[in-house]
Amino acid sequence: MKQHISKSVNRTILLNPGPATTSAAVKAALVADDICPREHSFGDLMLRLCDGLLAIGDGAETHEAALFAASGTGAMEAVLTSAIAKDDRVLILTNGAYGFRMRDICNTFGISHETLGRYGEFPDLEKVEEVLQSGQFSHLAFIHHETSTGMLNQLEDITAIAHRSGVAVIVDMMSSFGAYPFSLSQTQADFVISSSNKCIHGMAGLSYVLFHKKHLPALEKNSRGYYFDVFKQWKNLHAQHQLRFTPPVQICYAFDEAITETLKETVAERWKRYTGNWQILYDGLKQLGFRFLLPDAQQSRILLAVDLSSLPGFSFDDFHDALQHDGITVYPGVIPETRTFRVAVIGDLYPDDMHRVVASIEAYVHKRTFS
Ligand SMILES: *Cc1c(COP(=O)(O)O)cnc(C)c1O
């Protein structure tokens, strides 16, 4: 029996760093046959998601994937509680809100750790190497793209430093995986985490841990979690052809479409599109007199944090509402003691969208005075 479902939705330009603007095909994929996720065909779909993620990360030969029904923080908790054994110790690079979230998770679970870095401070690689060379640490955990500031930490360099010191790396690529050109097999990254709704442009609800195959025995031994057990989650899907617990069925269908689109566009082309979009925002905002939080060399080209400290009369809420009226969502800042707002280019967005954003901001600026 057929049911026909059709409706129109507005396409909004989301400049918040995920959940992102999705394509029409990803939205349409949400409407699918009702299915019991224990069916074999659904197991095939879940395994295809894992293969697709490993293909995006260029890790099909070297790495494995574990999927969780959770937002990205679930994957953070999963990797920290699964990879780090009771007598291990992790060094966490903390230069933004998400690095501090890793610290908070370690505190919650009593995971032995130390932190290095300050909010908004670019990692000092010599210092990182010196600390790791002390031999006190089994793991180094850091954020690749610090979404709170738009800072791009030096993924390849930091990973190489850790490996030189015999330390395994845990990298949060939540807001860069799928767009930033990166190879799991070449970097030999030990654990990488991300979610469905950022640079892969799927719906929110799934997150994942991509890990080097050599860590399977340790993962089996070391997990301290119940739901967020990376080994059990991986093993169950491969041995039983289903996830341990109920997956978000429709979100999986949409994610399958989003992964297909990512592979079709290629990560290299997506990166070009992002950086092109980012440059339009950067140039447009600069022209309008805005200043940016970070120096150019530290910018991710995925997100731009705009520094409002010289504009005391600027009301983010008023600005947000004016742009929302034009179908554009801008995002507040989170940096302690600094007034910023953020715009990200994550999503199915194109240069025309960016020009529309700049025009909308220009119209706003010309109507208001901020000093
Ligand atoms: C989005 C994000 C997360 C996870 O946030 P959720 O709200 O749990 O999805 C973690 N780390 C970084 C760097 C992020 O950008």
# chains A, B, ... in the order shown; residues from 1 in each chain; ligands from 1
$ select_by_dssp --residues "stretch 112-155 of chain A" --states "helix (DSSP H, G or I)" --output "list of chain:residue names"
A:Leu125, A:Glu126, A:Lys127, A:Val128, A:Glu129, A:Glu130, A:Val131, A:Leu132, A:Gln133, A:Leu155
$ write_last_selection --atoms "N, CA, C and O atoms" --output "short mmCIF file (atom, residue, chain, number, x, y, z; two decimals), in the first residue's frame"
data_model
loop_
_atom_site.label_atom_id
_atom_site.label_comp_id
_atom_site.auth_asym_id
_atom_site.auth_seq_id
_atom_site.Cartn_x
_atom_site.Cartn_y
_atom_site.Cartn_z
N LEU A 125 53.57 24.34 20.13
CA LEU A 125 53.94 22.96 19.82
C LEU A 125 55.17 22.48 20.59
O LEU A 125 55.26 21.32 20.97
N GLU A 126 56.11 23.39 20.81
CA GLU A 126 57.31 22.99 21.57
C GLU A 126 56.94 22.59 22.98
O GLU A 126 57.45 21.62 23.53
N LYS A 127 56.03 23.37 23.55
CA LYS A 127 55.57 23.09 24.91
C LYS A 127 54.82 21.74 24.96
O LYS A 127 55.03 20.93 25.88
N VAL A 128 53.98 21.50 23.96
CA VAL A 128 53.24 20.23 23.90
C VAL A 128 54.24 19.08 23.86
O VAL A 128 54.11 18.10 24.62
N GLU A 129 55.25 19.20 23.03
CA GLU A 129 56.23 18.13 22.89
C GLU A 129 56.99 17.92 24.20
O GLU A 129 57.19 16.79 24.66
N GLU A 130 57.36 19.03 24.82
CA GLU A 130 58.10 18.95 26.09
C GLU A 130 57.28 18.21 27.15
O GLU A 130 57.78 17.33 27.84
N VAL A 131 56.02 18.57 27.24
CA VAL A 131 55.16 17.94 28.26
C VAL A 131 54.97 16.45 27.96
O VAL A 131 55.03 15.61 28.86
N LEU A 132 54.77 16.13 26.68
CA LEU A 132 54.56 14.72 26.34
C LEU A 132 55.83 13.89 26.54
O LEU A 132 55.78 12.73 26.92
N GLN A 133 56.97 14.54 26.32
CA GLN A 133 58.25 13.82 26.48
C GLN A 133 58.52 13.45 27.94
O GLN A 133 59.37 12.61 28.22
N LEU A 155 46.43 19.95 13.42
CA LEU A 155 46.12 18.52 13.53
C LEU A 155 47.30 17.61 13.18
O LEU A 155 47.67 16.72 13.97
#
$ residues_around --residues "stretch 83-87 of chain A" --least-positions-apart "3" --cutoff "9 Å" --atoms "only C-alpha atoms" --output "PyMOL selection string"
chain A and resi 78-80+90+111-112+138-139+170+191+215+218-219+221-224+230
$ atom_distance --atom1 "atom CA of A:Val167" --atom2 "atom CA of A:Phe142"
12.7 Å
$ closest_residue --among "A:Ala69, A:Ala189, A:Ala204, A:Val169" --to "ligand 1" --atoms "only C-alpha atoms and all ligand atoms"
A:Ala204
$ residues_near_ligand --ligand "ligand 1" --cutoff "6 Å" --atoms "only C-alpha atoms and all ligand atoms" --output "list of chain:residue names"
A:Ser71, A:Gly72, A:Thr73, A:Tyr98, A:Ile143, A:His145, A:Glu146, A:Thr147, A:Met174, A:Ser175
$ closest_residue --among "A:Leu116, A:Val330, A:Arg48, A:Asn10" --to "A:Glu257" --atoms "only C-alpha atoms"
A:Arg48
$ closest_residue --among "A:Gln299, A:Thr81, A:Asn107, A:Ser315" --to "A:Val209" --atoms "only C-alpha atoms"
A:Thr81
$ residues_around --residues "A:Thr340" --least-positions-apart "3" --cutoff "7 Å" --atoms "only C-alpha atoms" --output "PDB file with N, CA, C and O atoms, in the first residue's frame"
ATOM      1  N   ALA A 305      34.737  34.247  14.016  1.00  0.00           N
ATOM      2  CA  ALA A 305      34.258  34.912  15.230  1.00  0.00           C
ATOM      3  C   ALA A 305      34.517  36.408  15.079  1.00  0.00           C
ATOM      4  O   ALA A 305      35.655  36.831  14.854  1.00  0.00           O
ATOM      5  N   VAL A 306      33.455  37.195  15.180  1.00  0.00           N
ATOM      6  CA  VAL A 306      33.539  38.630  14.982  1.00  0.00           C
ATOM      7  C   VAL A 306      33.651  39.299  16.348  1.00  0.00           C
ATOM      8  O   VAL A 306      32.844  39.030  17.248  1.00  0.00           O
ATOM      9  N   ASP A 307      34.653  40.141  16.496  1.00  0.00           N
ATOM     10  CA  ASP A 307      34.955  40.797  17.772  1.00  0.00           C
ATOM     11  C   ASP A 307      34.123  42.077  17.890  1.00  0.00           C
ATOM     12  O   ASP A 307      34.252  42.985  17.071  1.00  0.00           O
ATOM     13  N   LEU A 308      33.283  42.134  18.915  1.00  0.00           N
ATOM     14  CA  LEU A 308      32.387  43.285  19.067  1.00  0.00           C
ATOM     15  C   LEU A 308      32.876  44.284  20.117  1.00  0.00           C
ATOM     16  O   LEU A 308      32.145  45.210  20.470  1.00  0.00           O
ATOM     17  N   PRO A 332      25.434  33.340  18.586  1.00  0.00           N
ATOM     18  CA  PRO A 332      26.140  34.168  19.580  1.00  0.00           C
ATOM     19  C   PRO A 332      27.529  33.610  19.897  1.00  0.00           C
ATOM     20  O   PRO A 332      27.815  32.449  19.611  1.00  0.00           O
ATOM     21  N   GLY A 333      28.360  34.415  20.507  1.00  0.00           N
ATOM     22  CA  GLY A 333      29.677  33.962  20.943  1.00  0.00           C
ATOM     23  C   GLY A 333      29.586  33.252  22.283  1.00  0.00           C
ATOM     24  O   GLY A 333      28.577  33.354  22.982  1.00  0.00           O
TER      25      GLY A 333
END
$ select_by_dssp --residues "stretch 104-341 of chain A" --states "strand (DSSP E or B)" --output "ChimeraX atom specification"
/A:113-116,139-143,145-146,151-152,168-172,191-195,206-212,291-292,299,303-307,328-329,331-332,340-341
$ write_last_selection --atoms "N, CA and C atoms" --output "tab-separated table (two decimals), in the first residue's frame"
chain	number	residue	atom	x	y	z
A	113	HIS	N	43.92	13.09	34.23
A	113	HIS	CA	44.23	14.02	33.14
A	113	HIS	C	44.96	15.26	33.64
A	114	GLU	N	45.52	15.99	32.68
A	114	GLU	CA	46.06	17.31	32.92
A	114	GLU	C	45.68	18.17	31.74
A	115	THR	N	45.64	19.48	31.93
A	115	THR	CA	45.29	20.34	30.80
A	115	THR	C	46.47	21.24	30.47
A	116	LEU	N	46.49	21.67	29.20
A	116	LEU	CA	47.53	22.59	28.75
A	116	LEU	C	46.86	23.58	27.80
A	139	HIS	N	47.86	9.31	26.45
A	139	HIS	CA	46.99	9.88	25.41
A	139	HIS	C	47.10	11.40	25.38
A	140	LEU	N	46.89	11.94	24.18
A	140	LEU	CA	46.75	13.38	24.03
A	140	LEU	C	45.38	13.62	23.39
A	141	ALA	N	44.57	14.46	24.00
A	141	ALA	CA	43.25	14.74	23.44
A	141	ALA	C	43.18	16.22	23.08
A	142	PHE	N	42.69	16.51	21.89
A	142	PHE	CA	42.56	17.92	21.49
A	142	PHE	C	41.45	18.09	20.47
A	143	ILE	N	41.08	19.35	20.30
A	143	ILE	CA	40.04	19.71	19.34
A	143	ILE	C	40.75	20.16	18.07
A	145	HIS	N	39.14	21.67	15.12
A	145	HIS	CA	38.57	23.00	14.88
A	145	HIS	C	37.81	23.43	16.14
A	146	GLU	N	38.35	24.38	16.88
A	146	GLU	CA	37.70	24.88	18.09
A	146	GLU	C	36.53	25.77	17.65
A	151	MET	N	39.26	28.70	15.74
A	151	MET	CA	40.69	28.42	15.63
A	151	MET	C	40.93	27.01	15.11
A	152	LEU	N	41.86	26.89	14.16
A	152	LEU	CA	42.20	25.58	13.62
A	152	LEU	C	43.52	25.12	14.25
A	168	ALA	N	49.11	8.11	22.14
A	168	ALA	CA	47.98	7.98	21.21
A	168	ALA	C	47.16	9.28	21.20
A	169	VAL	N	46.61	9.63	20.04
A	169	VAL	CA	45.83	10.88	19.96
A	169	VAL	C	44.33	10.63	19.85
A	170	ILE	N	43.60	11.49	20.52
A	170	ILE	CA	42.14	11.54	20.44
A	170	ILE	C	41.80	12.91	19.87
A	171	VAL	N	41.27	12.94	18.66
A	171	VAL	CA	41.02	14.22	18.01
A	171	VAL	C	39.52	14.43	17.82
A	172	ASP	N	39.03	15.53	18.35
A	172	ASP	CA	37.66	15.97	18.10
A	172	ASP	C	37.67	16.74	16.78
A	191	PHE	N	42.22	8.00	17.35
A	191	PHE	CA	40.77	8.12	17.56
A	191	PHE	C	40.30	9.47	17.04
A	192	VAL	N	39.31	9.44	16.17
A	192	VAL	CA	38.74	10.69	15.63
A	192	VAL	C	37.24	10.64	15.88
A	193	ILE	N	36.68	11.74	16.34
A	193	ILE	CA	35.22	11.75	16.59
A	193	ILE	C	34.55	12.88	15.81
A	194	SER	N	33.31	12.61	15.42
A	194	SER	CA	32.52	13.66	14.77
A	194	SER	C	31.04	13.29	14.84
A	195	SER	N	30.21	14.11	14.22
A	195	SER	CA	28.76	13.85	14.29
A	195	SER	C	28.11	14.05	12.93
A	206	LEU	N	23.24	11.47	15.30
A	206	LEU	CA	24.23	10.39	15.28
A	206	LEU	C	25.60	10.98	15.51
A	207	SER	N	26.42	10.25	16.26
A	207	SER	CA	27.82	10.63	16.35
A	207	SER	C	28.66	9.36	16.24
A	208	TYR	N	29.94	9.52	16.02
A	208	TYR	CA	30.76	8.34	15.72
A	208	TYR	C	32.20	8.50	16.18
A	209	VAL	N	32.79	7.34	16.45
A	209	VAL	CA	34.21	7.26	16.80
A	209	VAL	C	34.88	6.46	15.69
A	210	LEU	N	35.87	7.05	15.03
A	210	LEU	CA	36.67	6.34	14.04
A	210	LEU	C	38.00	6.02	14.73
A	211	PHE	N	38.37	4.76	14.75
A	211	PHE	CA	39.57	4.40	15.51
A	211	PHE	C	40.45	3.43	14.74
A	212	HIS	N	41.74	3.50	15.01
A	212	HIS	CA	42.69	2.61	14.35
A	212	HIS	C	42.42	1.18	14.82
A	291	ARG	N	35.68	43.72	13.03
A	291	ARG	CA	37.00	43.15	13.32
A	291	ARG	C	36.83	41.71	13.77
A	292	PHE	N	37.89	40.94	13.62
A	292	PHE	CA	37.80	39.51	13.92
A	292	PHE	C	38.62	39.14	15.14
A	299	GLN	N	42.95	31.14	11.62
A	299	GLN	CA	41.54	31.00	11.22
A	299	GLN	C	41.29	29.65	10.54
A	303	LEU	N	34.63	28.84	10.26
A	303	LEU	CA	33.83	29.71	11.14
A	303	LEU	C	34.61	30.99	11.38
A	304	LEU	N	33.87	32.08	11.52
A	304	LEU	CA	34.50	33.37	11.77
A	304	LEU	C	33.89	33.97	13.03
A	305	ALA	N	34.74	34.25	14.02
A	305	ALA	CA	34.26	34.91	15.23
A	305	ALA	C	34.52	36.41	15.08
A	306	VAL	N	33.45	37.19	15.18
A	306	VAL	CA	33.54	38.63	14.98
A	306	VAL	C	33.65	39.30	16.35
A	307	ASP	N	34.65	40.14	16.50
A	307	ASP	CA	34.96	40.80	17.77
A	307	ASP	C	34.12	42.08	17.89
A	328	ILE	N	18.00	34.08	7.77
A	328	ILE	CA	19.42	33.82	8.06
A	328	ILE	C	19.60	33.71	9.57
A	329	THR	N	20.28	32.66	10.02
A	329	THR	CA	20.50	32.49	11.46
A	329	THR	C	21.97	32.73	11.79
A	331	TYR	N	24.90	33.25	15.06
A	331	TYR	CA	25.12	32.51	16.30
A	331	TYR	C	25.86	33.38	17.32
A	332	PRO	N	25.43	33.34	18.59
A	332	PRO	CA	26.14	34.17	19.58
A	332	PRO	C	27.53	33.61	19.90
A	340	THR	N	31.51	38.56	21.21
A	340	THR	CA	31.67	38.14	19.82
A	340	THR	C	30.33	37.64	19.30
A	341	PHE	N	30.21	37.56	17.98
A	341	PHE	CA	29.20	36.67	17.40
A	341	PHE	C	29.91	35.81	16.38
$ residues_around --residues "A:Tyr274" --least-positions-apart "6" --cutoff "8 Å" --atoms "only C-alpha atoms" --output "MDAnalysis selection string"
chainID A and resid 179 301:302 345:346
$ closest_residue --among "A:Ala162, A:Val365, A:Leu15, A:Met173" --to "A:Gln188" --atoms "only C-alpha atoms"
A:Ala162
$ atom_distance --atom1 "atom CA of A:Ile56" --atom2 "atom CA of A:Ala20"
18.3 Å
$ atom_distance --atom1 "atom CA of A:Lys213" --atom2 "atom CA of A:Thr62"
6.1 Å
$ closest_residue --among "A:Trp234, A:Phe122, A:Tyr227, A:Phe290" --to "A:Asn153" --atoms "only C-alpha atoms"
A:Phe122
$ residues_around --residues "A:Asn197" --least-positions-apart "5" --cutoff "6 Å" --atoms "only C-alpha atoms" --output "ChimeraX atom specification"
/A:18-19,202-204
$ write_last_selection --atoms "N, CA, C and O atoms" --output "short mmCIF file (atom, residue, chain, number, x, y, z; two decimals), in the first residue's frame"
data_model
loop_
_atom_site.label_atom_id
_atom_site.label_comp_id
_atom_site.auth_asym_id
_atom_site.auth_seq_id
_atom_site.Cartn_x
_atom_site.Cartn_y
_atom_site.Cartn_z
N GLY A 18 26.35 24.09 12.80
CA GLY A 18 25.61 22.84 12.88
C GLY A 18 24.62 22.88 14.03
O GLY A 18 24.86 23.55 15.02
N PRO A 19 23.49 22.15 13.91
CA PRO A 19 22.99 21.51 12.70
C PRO A 19 22.94 22.50 11.55
O PRO A 19 22.58 23.66 11.75
N GLY A 202 24.23 16.14 7.53
CA GLY A 202 23.08 15.29 7.82
C GLY A 202 22.24 15.92 8.93
O GLY A 202 22.50 17.05 9.37
N MET A 203 21.22 15.18 9.37
CA MET A 203 20.40 15.65 10.48
C MET A 203 21.10 15.33 11.81
O MET A 203 21.89 14.39 11.88
N ALA A 204 20.77 16.06 12.86
CA ALA A 204 21.36 15.81 14.17
C ALA A 204 20.83 14.50 14.74
O ALA A 204 19.66 14.15 14.52
#
$ residues_around --residues "A:Ile5" --least-positions-apart "5" --cutoff "10 Å" --atoms "only C-alpha atoms" --output "list of chain:residue names"
A:Ala28, A:Val31, A:Ala32
$ closest_residue --among "A:Ser148, A:Ser82, A:Ile13, A:Gly110" --to "A:Ser360" --atoms "only C-alpha atoms"
A:Ile13
